[in-house]
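Accompanying notes for the structure given below.
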Amino acid sequence: MKTRIERLQAGFEKQYIDAFLVTDKTNLRYLTGFDLEQGDGGLLVTNTDAVIITDSRYQEALREFKSDEVVATITQDYWGDLNKICKGMKVSVLGFEDTLSYRTFERLDDLMEAAIVPFDRVVEKKKMRRVKDAGEVEKLRKATQLHDRGYNYLLSIAHPGMSERELALELDYWMKKNGASRASFPTILASGPNSAKPHATVSARHLKEGDLVTLDFGYFVDGYTADMTRTFAVGQLDQRLVELHHLIDAAQKNVISQLKVGMTGNEADMLGRKPLEDAGYGDYFNHGMGHGIGMAVHEFPDSFGPATNRYKFRNNEVVTVEPGVYLPGVGGIRIENDVLVTHMGAEVLTKAPTGLFVIG
């Protein structure tokens, strides 16, 4: 079986390049196993070699790093040394990730004797990060299991009078205490009218009787993150909102029950969107049905929705499914699971119940 670096190299001929520069730190970690997340530099991959180019802050870590494929160059002049290495290896055309900052691009454009050519998400697409191997799937299972437990913990301590901020801090402490390394995005914990904002920030508002509370959180476990959303109630809820929660829960299940390899993004989206539109809530569902997930909380596809008719699901992709409805001044409901797409259908990795839970 080819290594990840060998799979990247295999595409060079079709891309008409001699080498490829990786500057996205998550992609660098995916290809090499080395974490340069807080550092500068990049990874140069040629037809025969892979070289991490960084500075002396990583010298000791690289000395301990064991790899049969990757070597390192320690320097204070990343791109000057990149040019020297490419010149020595007779690289005529160098591909690079188009997420590179403009400042770095200008530096490369001035320095490089090789022609430089931008590429869009070479590592993220196709059969690399987009499609998970067995080890990656197991890490995502582990991450979702911790999120299931974290949600159950939050429900056990939540009560009327707690503030959104207090509850979010309790969850953050519990997740990190029980195996998470850090959050993959700022936790959304929104109550009452705040929950009508899909990307609400945690506030000092206190939970009150009759509130909807939406919790959307993601944490890294062994380098992979889950992404989970549940909406629960504080005390007795207006019957219309209870019925809306049931409708969104059913819409999500409708997507997951039919999701399969080869289905297009817009087909999957419509399975969950149409029931909400038919019930009169179409204007209140204002985001995509889901997105890819793995080493980052948003991976390819960044979103699948009504306009993604060219995107087709592949075997062993992991995506979220997250329909939601947001009623201004009232509240919002979103339910999100992480799902593994296979030839046999979709496997739900997130196991916490999606039904309406009532606290208080």
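Within each chain, counting starts at residue 1; across the structure tokens, chains are named A, B, ... in the order shown, with ligands numbered 1 upward in that order.
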Every residue of region 12-80 of chain A that DSSP places in strand (DSSP E), as a list of chain:residue names |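 Here are the strand (DSSP E) residues of region 12-80 of chain A: A:Ala19, A:Phe20, A:Leu21, A:Val22, A:Gly42, A:Leu43, A:Leu44, A:Val45, A:Thr46, A:Ala50, A:Val51, A:Ile52, A:Ile53, A:Thr54, A:Val70, A:Val71, A:Ala72, A:Thr73, A:Ile74.
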Write out as a list in words which residues come within 7 Å of region 176-192 of chain A when counting only C-alpha atoms, dropping same-chain ones fewer than 4 positions away.
->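 In the requested format, the answer is Glu164, Ala168, Asp172, His199, Ala200, Thr201, Val202, Leu207, Asp211, Leu212, Val213, Thr214, Leu215, Asp216, Phe217, Gly218, Tyr219, Phe220, Val221, Thr225, Val297, Val330 and Gly331 of chain A.
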For Thr26 (chain A), which residue out of A:Ala296, A:Val348, A:Ile85, A:Leu356 is the nearest one, using only C-alpha atoms?
->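 Among A:Ala296, A:Val348, A:Ile85, A:Leu356, it is A:Ala296 that comes nearest to Thr26 (chain A).
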With distances taken over only C-alpha atoms, the candidate from A:Arg334, A:His291, A:Arg107, A:Arg240 nearest Trp79 (chain A) is A:Arg107
Where in region 149-311 of chain A does DSSP assign helix (DSSP H, G or I), given as a VMD selection string?
-> chain A and resid 149 to 157 164 to 177 192 to 196 239 to 258 265 to 278 282 to 284
Using only C-alpha atoms, determine which residues lie at most 8 Å from Thr75 (chain A), disregarding the query and same-chain residues fewer than 6 positions distant; provide the list as a list in words.
->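 These residues fall inside the cut-off: Ile53, Thr54, Asp55, Ser56 and Asp81 of chain A.
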